[in-house]
>>> print(open('coords.tsv').read())   # TSV, C-alpha atoms
chain	number	residue	atom	x	y	z
A	25	MET	CA	10.79	3.99	52.34
A	26	PRO	CA	11.38	5.06	55.97
A	27	LEU	CA	12.35	8.71	56.37
A	28	ARG	CA	15.47	7.77	58.32
A	29	LEU	CA	16.81	6.06	55.18
A	30	LEU	CA	16.30	9.28	53.24
A	31	ALA	CA	18.10	11.20	55.96
A	32	ASN	CA	21.04	8.83	55.56
A	33	GLY	CA	21.15	9.44	51.82
A	34	ASP	CA	19.65	6.08	50.80
A	35	CYS	CA	17.55	6.90	47.73
A	36	LYS	CA	17.19	3.39	46.37
A	37	GLY	CA	13.56	2.52	45.92
A	38	GLU	CA	10.35	4.50	45.87
A	39	ILE	CA	8.03	5.96	48.48
A	40	GLN	CA	4.53	4.56	48.39
A	41	GLU	CA	2.26	7.19	46.83
A	42	GLY	CA	-0.68	6.91	49.20
A	43	GLY	CA	-2.17	8.61	52.21
A	44	SER	CA	-3.20	12.24	52.34
A	45	LEU	CA	-3.10	14.45	49.24
A	46	GLU	CA	-0.09	16.41	50.51
A	47	LEU	CA	1.88	13.27	51.37
A	48	SER	CA	0.93	11.67	48.06
A	49	ASP	CA	2.13	14.73	46.13
A	50	LEU	CA	5.35	14.78	48.16
A	51	ALA	CA	5.94	11.08	47.50
A	52	ARG	CA	5.29	11.53	43.77
A	53	ALA	CA	7.71	14.47	43.60
A	54	PHE	CA	10.37	12.50	45.45
A	55	ASN	CA	9.95	9.46	43.20
A	56	GLU	CA	10.31	11.62	40.09
A	57	MET	CA	13.44	13.21	41.54
A	58	ASP	CA	14.78	9.76	42.47
A	59	ARG	CA	14.26	8.46	38.92
A	60	GLU	CA	15.95	11.54	37.46
A	61	ILE	CA	18.97	11.09	39.73
A	62	ASN	CA	19.24	7.41	38.81
A	63	ASN	CA	18.95	8.21	35.09
A	64	ARG	CA	21.69	10.81	35.35
A	65	HIS	CA	23.87	8.41	37.32
A	66	HIS	CA	23.37	5.73	34.66
A	67	ALA	CA	24.14	8.20	31.85
A	68	LEU	CA	27.32	9.39	33.59
A	69	LYS	CA	28.45	5.83	34.23
A	70	ARG	CA	27.83	4.94	30.57
A	71	GLN	CA	29.68	8.04	29.36
A	72	LYS	CA	32.72	7.09	31.45
A	73	MET	CA	32.59	3.57	30.02
A	74	LEU	CA	32.46	4.90	26.44
A	75	TYR	CA	35.45	7.17	27.02
A	76	ARG	CA	37.36	4.32	28.67
A	77	THR	CA	36.61	2.03	25.71
A	78	LEU	CA	37.80	4.59	23.19
A	79	SER	CA	40.93	5.20	25.27
A	80	GLU	CA	41.68	1.46	25.31
A	81	THR	CA	41.19	1.36	21.54
A	82	ASN	CA	43.64	4.22	21.05
A	83	GLN	CA	46.18	2.57	23.36
A	84	THR	CA	45.87	-0.65	21.38
A	85	ILE	CA	46.47	1.17	18.12
A	86	LEU	CA	49.55	2.89	19.54
A	87	TYR	CA	51.19	-0.21	20.96
A	88	ALA	CA	49.93	-3.19	18.91
A	89	HIS	CA	52.93	-4.84	17.25
A	90	ASP	CA	50.97	-6.51	14.47
A	91	GLU	CA	47.49	-6.72	12.94
A	92	ASP	CA	46.41	-9.68	15.08
A	93	ALA	CA	47.25	-7.80	18.28
A	94	LEU	CA	45.45	-4.73	16.92
A	95	PHE	CA	42.24	-6.63	16.16
A	96	GLN	CA	42.39	-8.56	19.42
A	97	GLY	CA	42.75	-5.37	21.48
A	98	VAL	CA	39.98	-3.51	19.68
A	99	CYS	CA	37.56	-6.44	19.90
A	100	ARG	CA	38.37	-6.95	23.59
A	101	ALA	CA	37.63	-3.28	24.30
A	102	ALA	CA	34.29	-3.57	22.48
A	103	VAL	CA	33.28	-6.67	24.47
A	104	LYS	CA	34.19	-4.91	27.74
A	105	ALA	CA	31.84	-2.10	26.65
A	106	GLY	CA	28.90	-4.53	26.77
A	107	ILE	CA	28.92	-5.85	23.21
A	108	LYS	CA	28.01	-9.53	23.14
A	109	LEU	CA	29.99	-10.45	20.03
A	110	VAL	CA	32.25	-8.52	17.68
A	111	TRP	CA	34.03	-9.54	14.51
A	112	ILE	CA	36.22	-7.85	11.93
A	113	GLY	CA	36.19	-8.91	8.30
A	114	TYR	CA	38.27	-8.10	5.24
A	115	LEU	CA	37.04	-7.99	1.67
A	116	ASP	CA	38.89	-10.07	-0.91
A	117	GLY	CA	39.13	-7.73	-3.88
A	118	ARG	CA	39.50	-10.58	-6.37
A	119	SER	CA	36.58	-12.77	-5.30
A	120	ASP	CA	34.47	-10.16	-3.44
A	121	SER	CA	34.25	-12.62	-0.54
A	122	LEU	CA	34.49	-11.66	3.12
A	123	ARG	CA	37.37	-13.09	5.16
A	124	ILE	CA	36.92	-13.12	8.92
A	125	ALA	CA	40.05	-11.63	10.46
A	126	TYR	CA	39.10	-11.76	14.15
A	127	ILE	CA	36.10	-12.60	16.33
A	128	SER	CA	35.60	-12.17	20.08
A	129	GLY	CA	32.91	-12.38	22.72
A	130	ASP	CA	30.17	-14.84	23.62
A	131	ASN	CA	29.21	-17.56	21.13
A	132	THR	CA	32.11	-17.11	18.73
A	133	ASP	CA	30.62	-19.93	16.64
A	134	TRP	CA	27.89	-17.50	15.54
A	135	LEU	CA	29.37	-17.12	12.06
A	136	GLY	CA	29.65	-20.89	11.80
A	137	THR	CA	25.95	-21.08	12.63
A	138	VAL	CA	25.20	-18.47	9.96
A	139	ARG	CA	27.23	-20.36	7.36
A	140	ARG	CA	25.57	-23.69	8.18
A	141	HIS	CA	21.95	-22.53	8.47
A	142	VAL	CA	21.64	-19.25	6.59
A	143	GLY	CA	24.64	-18.53	4.41
A	144	LEU	CA	26.98	-15.59	4.91
A	145	ASP	CA	25.63	-14.04	1.71
A	146	LYS	CA	22.24	-13.77	3.46
A	147	ASP	CA	23.63	-12.17	6.63
A	148	PRO	CA	22.35	-8.56	6.37
A	149	LEU	CA	25.26	-7.18	8.38
A	150	ALA	CA	27.90	-9.05	6.37
A	151	MET	CA	26.22	-7.86	3.18
A	152	SER	CA	26.36	-4.26	4.43
A	153	ILE	CA	30.11	-4.65	4.89
A	154	LYS	CA	30.44	-5.88	1.30
A	155	LEU	CA	28.45	-2.86	0.13
A	156	GLY	CA	30.49	-0.48	2.30
A	157	GLN	CA	27.41	0.70	4.17
A	158	GLU	CA	26.65	1.33	7.84
A	159	LYS	CA	23.65	-0.63	9.11
A	160	THR	CA	21.86	-1.22	12.41
A	161	ILE	CA	19.21	-3.85	13.09
A	162	ASN	CA	16.82	-4.18	16.00
A	163	ILE	CA	16.18	-7.89	15.64
A	164	ASP	CA	13.13	-7.83	17.93
A	165	THR	CA	11.28	-5.18	15.91
A	166	ASP	CA	12.59	-5.71	12.36
A	167	ASN	CA	9.56	-7.83	11.53
A	168	ALA	CA	9.06	-6.43	8.03
A	169	ASN	CA	12.49	-7.78	6.99
A	170	ALA	CA	12.53	-10.89	9.17
A	171	THR	CA	14.48	-13.79	7.68
A	172	HIS	CA	15.96	-17.08	8.83
A	173	TRP	CA	18.97	-15.02	9.95
A	174	HIS	CA	16.76	-13.09	12.40
A	175	ALA	CA	15.38	-16.34	13.81
A	176	GLU	CA	18.88	-17.76	14.30
A	177	ALA	CA	20.02	-14.51	15.92
A	178	LYS	CA	17.17	-14.68	18.45
A	179	LEU	CA	17.93	-18.33	19.21
A	180	ASN	CA	21.51	-17.32	19.97
A	181	GLY	CA	20.44	-14.56	22.38
A	182	PHE	CA	20.99	-11.54	20.13
A	183	THR	CA	18.45	-8.70	19.94
A	184	ALA	CA	20.40	-6.17	17.85
A	185	GLY	CA	23.38	-5.78	15.57
A	186	ALA	CA	25.36	-3.21	13.64
A	187	ALA	CA	27.84	-3.13	10.78
A	188	LEU	CA	30.34	-0.35	10.11
A	189	PRO	CA	32.64	-0.30	7.06
A	190	LEU	CA	36.42	-0.05	7.19
A	191	THR	CA	38.04	2.06	4.50
A	192	ARG	CA	41.54	2.77	3.29
A	193	GLY	CA	42.25	5.68	1.01
A	194	GLY	CA	38.53	6.14	0.49
A	195	LYS	CA	38.05	2.53	-0.64
A	196	LYS	CA	36.13	-0.12	1.29
A	197	ILE	CA	38.36	-2.87	2.65
A	198	GLY	CA	36.12	-4.60	5.20
A	199	GLY	CA	34.26	-3.77	8.34
A	200	LEU	CA	33.40	-4.29	11.98
A	201	VAL	CA	30.22	-6.11	13.00
A	202	VAL	CA	28.73	-6.21	16.50
A	203	MET	CA	25.94	-8.34	17.94
A	204	LEU	CA	24.21	-7.40	21.19
A	205	ASP	CA	21.62	-8.60	23.68
A	206	ASP	CA	20.58	-5.00	24.48
A	207	HIS	CA	19.49	-2.81	21.58
A	208	THR	CA	19.72	0.35	23.71
A	209	LEU	CA	23.52	0.13	23.45
A	210	LEU	CA	23.10	1.15	19.80
A	211	ASP	CA	21.85	4.62	20.71
A	212	GLU	CA	23.61	7.66	19.25
A	213	ALA	CA	26.36	7.58	21.90
A	214	GLY	CA	26.99	3.87	21.31
A	215	MET	CA	27.06	4.28	17.53
A	216	GLN	CA	29.41	7.26	17.80
A	217	LEU	CA	31.79	5.13	19.86
A	218	LEU	CA	31.74	2.41	17.18
A	219	ARG	CA	32.29	4.98	14.42
A	220	GLU	CA	35.32	6.38	16.22
A	221	MET	CA	36.71	2.89	16.80
A	222	VAL	CA	36.29	2.08	13.11
A	223	ALA	CA	37.86	5.40	12.09
A	224	ASP	CA	40.87	4.60	14.27
A	225	LEU	CA	41.06	1.08	12.81
A	226	SER	CA	40.85	2.41	9.25
A	227	TYR	CA	43.72	4.77	10.01
A	228	ALA	CA	45.85	2.05	11.61
A	229	THR	CA	45.36	-0.79	9.08
>>> encode(input="coords.tsv", output="structure tokens")
Amino acid sequence: MPLRLLANGDCKGEIQEGGSLELSDLARAFNEMDREINNRHHALKRQKMLYRTLSETNQTILYAHDEDALFQGVCRAAVKAGIKLVWIGYLDGRSDSLRIAYISGDNTDWLGTVRRHVGLDKDPLAMSIKLGQEKTINIDTDNANATHWHAEAKLNGFTAGAALPLTRGGKKIGGLVVMLDDHTLLDEAGMQLLREMVADLSYAT
């Protein structure tokens, strides 16, 4: 990278680490600093996005006039946060079946695909909702538990998923399920965002 670009504050890219020992060490130090700055910038940008998503969720809960508007607003906020697909399901206490209340994002026929080729009772995330348990799956690395569901998920462009239960008065009533094409979004910050969204939903429903 030409020095005049550095002087103008352009830090995109790396300096070639060659030449004399002193120049090579200087280039290496700069490149490490450049990566650190970019990582911090990315983390700050992501943190702002997480706060914005939670704020949108809270606004939806405050102003939604019915349950459909509530679910639509929450799911829309999740999709804007980078989630590929999100759906909310309710448990039928009499039959123990899972009723899909709302779905949003890319490939909203995903659950239809699951029903046709796998069976919702073999969807590990749907089953976690029925059990009232939180679950995350890295579809690319979950080889020990790989099933036909994993194969279908990969075919549909998903690499990770998570399920978080909804409760009311301490009793499980359903849950929120997300599917993603980037498993890094399910880091601790991402999961904390989803937990707070579900907590707000549990309070509002």
>>> residues_around(input="coords.tsv", residues="Asp164 in chain A", least_positions_apart="2", cutoff="9 Å", atoms="all atoms listed in the file", output="list in words")
Ile161, Asn162, Asp166, Asn167, His174, Lys178, Phe182, Thr183, Ala184 and His207 of chain A
>>> closest_residue(input="coords.tsv", among="A:Val202, A:Ile127, A:Ala105, A:Val138", to="Ile153 in chain A", atoms="all atoms listed in the file")
A:Val202
>>> atom_distance(input="coords.tsv", atom1="CA of Leu122 in chain A", atom2="CA of Pro189 in chain A")
12.2 Å
>>> atom_distance(input="coords.tsv", atom1="CA of Leu188 in chain A", atom2="CA of Leu209 in chain A")
15.0 Å
>>> atom_distance(input="coords.tsv", atom1="CA of Thr81 in chain A", atom2="CA of Gly97 in chain A")
6.9 Å
>>> closest_residue(input="coords.tsv", among="A:Ala88, A:Ala177, A:Met221, A:Leu200", to="Ile124 in chain A", atoms="only C-alpha atoms")
A:Leu200
>>> residues_near_point(input="coords.tsv", point="(37.4, -6.2, 4.1)", cutoff="12 Å", atoms="all atoms listed in the file", output="PyMOL selection string")
chain A and resi 111-126+150-156+188-192+195-201+225-226+229
>>> closest_residue(input="coords.tsv", among="A:Asn82, A:Gln157, A:Asn55, A:Thr171", to="Glu220 in chain A", atoms="all atoms listed in the file")
A:Asn82
>>> closest_residue(input="coords.tsv", among="A:Thr165, A:Ser128, A:Gln83, A:Thr160", to="Asp211 in chain A", atoms="only C-alpha atoms")
A:Thr160
>>> closest_residue(input="coords.tsv", among="A:Thr132, A:Ser48, A:Leu149, A:Ser79", to="Lys108 in chain A", atoms="only C-alpha atoms")
A:Thr132
>>> closest_residue(input="coords.tsv", among="A:Ala93, A:Leu204, A:Ala170, A:Leu78", to="Gly129 in chain A", atoms="only C-alpha atoms")
A:Leu204
>>> build_atoms(input="coords.tsv", residues="range 73-108 of chain A", atoms="N, CA and C atoms", output="PDB file, in the frame of the given file")
ATOM      1  N   MET A  73      32.259   4.834  30.660  1.00  0.00           N
ATOM      2  CA  MET A  73      32.590   3.570  30.020  1.00  0.00           C
ATOM      3  C   MET A  73      32.939   3.766  28.552  1.00  0.00           C
ATOM      4  N   LEU A  74      32.188   4.638  27.855  1.00  0.00           N
ATOM      5  CA  LEU A  74      32.460   4.900  26.440  1.00  0.00           C
ATOM      6  C   LEU A  74      33.826   5.544  26.259  1.00  0.00           C
ATOM      7  N   TYR A  75      34.142   6.527  27.103  1.00  0.00           N
ATOM      8  CA  TYR A  75      35.450   7.170  27.020  1.00  0.00           C
ATOM      9  C   TYR A  75      36.572   6.174  27.316  1.00  0.00           C
ATOM     10  N   ARG A  76      36.347   5.312  28.317  1.00  0.00           N
ATOM     11  CA  ARG A  76      37.360   4.320  28.670  1.00  0.00           C
ATOM     12  C   ARG A  76      37.585   3.345  27.513  1.00  0.00           C
ATOM     13  N   THR A  77      36.501   2.953  26.851  1.00  0.00           N
ATOM     14  CA  THR A  77      36.610   2.030  25.710  1.00  0.00           C
ATOM     15  C   THR A  77      37.386   2.658  24.572  1.00  0.00           C
ATOM     16  N   LEU A  78      37.084   3.914  24.268  1.00  0.00           N
ATOM     17  CA  LEU A  78      37.800   4.590  23.190  1.00  0.00           C
ATOM     18  C   LEU A  78      39.273   4.776  23.551  1.00  0.00           C
ATOM     19  N   SER A  79      39.544   5.061  24.831  1.00  0.00           N
ATOM     20  CA  SER A  79      40.930   5.200  25.270  1.00  0.00           C
ATOM     21  C   SER A  79      41.685   3.887  25.111  1.00  0.00           C
ATOM     22  N   GLU A  80      41.047   2.765  25.467  1.00  0.00           N
ATOM     23  CA  GLU A  80      41.680   1.460  25.310  1.00  0.00           C
ATOM     24  C   GLU A  80      41.942   1.167  23.840  1.00  0.00           C
ATOM     25  N   THR A  81      41.010   1.558  22.976  1.00  0.00           N
ATOM     26  CA  THR A  81      41.190   1.360  21.540  1.00  0.00           C
ATOM     27  C   THR A  81      42.409   2.141  21.051  1.00  0.00           C
ATOM     28  N   ASN A  82      42.514   3.390  21.473  1.00  0.00           N
ATOM     29  CA  ASN A  82      43.640   4.220  21.050  1.00  0.00           C
ATOM     30  C   ASN A  82      44.971   3.667  21.567  1.00  0.00           C
ATOM     31  N   GLN A  83      44.972   3.167  22.810  1.00  0.00           N
ATOM     32  CA  GLN A  83      46.180   2.570  23.360  1.00  0.00           C
ATOM     33  C   GLN A  83      46.587   1.334  22.570  1.00  0.00           C
ATOM     34  N   THR A  84      45.591   0.547  22.181  1.00  0.00           N
ATOM     35  CA  THR A  84      45.870  -0.650  21.380  1.00  0.00           C
ATOM     36  C   THR A  84      46.504  -0.275  20.051  1.00  0.00           C
ATOM     37  N   ILE A  85      45.956   0.740  19.415  1.00  0.00           N
ATOM     38  CA  ILE A  85      46.470   1.170  18.120  1.00  0.00           C
ATOM     39  C   ILE A  85      47.907   1.675  18.245  1.00  0.00           C
ATOM     40  N   LEU A  86      48.214   2.356  19.348  1.00  0.00           N
ATOM     41  CA  LEU A  86      49.550   2.890  19.540  1.00  0.00           C
ATOM     42  C   LEU A  86      50.587   1.800  19.767  1.00  0.00           C
ATOM     43  N   TYR A  87      50.197   0.746  20.505  1.00  0.00           N
ATOM     44  CA  TYR A  87      51.190  -0.210  20.960  1.00  0.00           C
ATOM     45  C   TYR A  87      51.079  -1.608  20.338  1.00  0.00           C
ATOM     46  N   ALA A  88      50.054  -1.871  19.538  1.00  0.00           N
ATOM     47  CA  ALA A  88      49.930  -3.190  18.910  1.00  0.00           C
ATOM     48  C   ALA A  88      51.101  -3.416  17.948  1.00  0.00           C
ATOM     49  N   HIS A  89      51.740  -4.571  18.063  1.00  0.00           N
ATOM     50  CA  HIS A  89      52.930  -4.840  17.250  1.00  0.00           C
ATOM     51  C   HIS A  89      52.605  -5.487  15.916  1.00  0.00           C
ATOM     52  N   ASP A  90      51.365  -5.965  15.766  1.00  0.00           N
ATOM     53  CA  ASP A  90      50.970  -6.510  14.470  1.00  0.00           C
ATOM     54  C   ASP A  90      49.441  -6.434  14.357  1.00  0.00           C
ATOM     55  N   GLU A  91      48.929  -6.844  13.202  1.00  0.00           N
ATOM     56  CA  GLU A  91      47.490  -6.720  12.940  1.00  0.00           C
ATOM     57  C   GLU A  91      46.665  -7.593  13.873  1.00  0.00           C
ATOM     58  N   ASP A  92      47.155  -8.798  14.183  1.00  0.00           N
ATOM     59  CA  ASP A  92      46.410  -9.680  15.080  1.00  0.00           C
ATOM     60  C   ASP A  92      46.239  -9.043  16.460  1.00  0.00           C
ATOM     61  N   ALA A  93      47.315  -8.457  16.975  1.00  0.00           N
ATOM     62  CA  ALA A  93      47.250  -7.800  18.280  1.00  0.00           C
ATOM     63  C   ALA A  93      46.318  -6.589  18.224  1.00  0.00           C
ATOM     64  N   LEU A  94      46.326  -5.883  17.104  1.00  0.00           N
ATOM     65  CA  LEU A  94      45.450  -4.730  16.920  1.00  0.00           C
ATOM     66  C   LEU A  94      43.985  -5.152  16.981  1.00  0.00           C
ATOM     67  N   PHE A  95      43.624  -6.166  16.192  1.00  0.00           N
ATOM     68  CA  PHE A  95      42.240  -6.630  16.160  1.00  0.00           C
ATOM     69  C   PHE A  95      41.809  -7.205  17.494  1.00  0.00           C
ATOM     70  N   GLN A  96      42.703  -7.959  18.130  1.00  0.00           N
ATOM     71  CA  GLN A  96      42.390  -8.560  19.420  1.00  0.00           C
ATOM     72  C   GLN A  96      42.105  -7.479  20.463  1.00  0.00           C
ATOM     73  N   GLY A  97      42.931  -6.436  20.508  1.00  0.00           N
ATOM     74  CA  GLY A  97      42.750  -5.370  21.480  1.00  0.00           C
ATOM     75  C   GLY A  97      41.477  -4.583  21.252  1.00  0.00           C
ATOM     76  N   VAL A  98      41.187  -4.273  20.003  1.00  0.00           N
ATOM     77  CA  VAL A  98      39.980  -3.510  19.680  1.00  0.00           C
ATOM     78  C   VAL A  98      38.730  -4.317  20.013  1.00  0.00           C
ATOM     79  N   CYS A  99      38.735  -5.588  19.637  1.00  0.00           N
ATOM     80  CA  CYS A  99      37.560  -6.440  19.900  1.00  0.00           C
ATOM     81  C   CYS A  99      37.373  -6.636  21.407  1.00  0.00           C
ATOM     82  N   ARG A 100      38.472  -6.784  22.145  1.00  0.00           N
ATOM     83  CA  ARG A 100      38.370  -6.950  23.590  1.00  0.00           C
ATOM     84  C   ARG A 100      37.772  -5.702  24.234  1.00  0.00           C
ATOM     85  N   ALA A 101      38.172  -4.534  23.763  1.00  0.00           N
ATOM     86  CA  ALA A 101      37.630  -3.280  24.300  1.00  0.00           C
ATOM     87  C   ALA A 101      36.131  -3.185  24.018  1.00  0.00           C
ATOM     88  N   ALA A 102      35.706  -3.619  22.829  1.00  0.00           N
ATOM     89  CA  ALA A 102      34.290  -3.570  22.480  1.00  0.00           C
ATOM     90  C   ALA A 102      33.471  -4.509  23.361  1.00  0.00           C
ATOM     91  N   VAL A 103      33.992  -5.700  23.617  1.00  0.00           N
ATOM     92  CA  VAL A 103      33.280  -6.670  24.470  1.00  0.00           C
ATOM     93  C   VAL A 103      33.174  -6.135  25.895  1.00  0.00           C
ATOM     94  N   LYS A 104      34.222  -5.494  26.398  1.00  0.00           N
ATOM     95  CA  LYS A 104      34.190  -4.910  27.740  1.00  0.00           C
ATOM     96  C   LYS A 104      33.156  -3.789  27.827  1.00  0.00           C
ATOM     97  N   ALA A 105      32.838  -3.183  26.688  1.00  0.00           N
ATOM     98  CA  ALA A 105      31.840  -2.100  26.650  1.00  0.00           C
ATOM     99  C   ALA A 105      30.415  -2.626  26.655  1.00  0.00           C
ATOM    100  N   GLY A 106      30.241  -3.944  26.699  1.00  0.00           N
ATOM    101  CA  GLY A 106      28.900  -4.530  26.770  1.00  0.00           C
ATOM    102  C   GLY A 106      28.432  -5.174  25.490  1.00  0.00           C
ATOM    103  N   ILE A 107      29.299  -5.217  24.478  1.00  0.00           N
ATOM    104  CA  ILE A 107      28.920  -5.850  23.210  1.00  0.00           C
ATOM    105  C   ILE A 107      29.066  -7.364  23.359  1.00  0.00           C
ATOM    106  N   LYS A 108      28.052  -8.079  22.948  1.00  0.00           N
ATOM    107  CA  LYS A 108      28.010  -9.530  23.140  1.00  0.00           C
ATOM    108  C   LYS A 108      29.015 -10.256  22.247  1.00  0.00           C
TER     109      LYS A 108
END
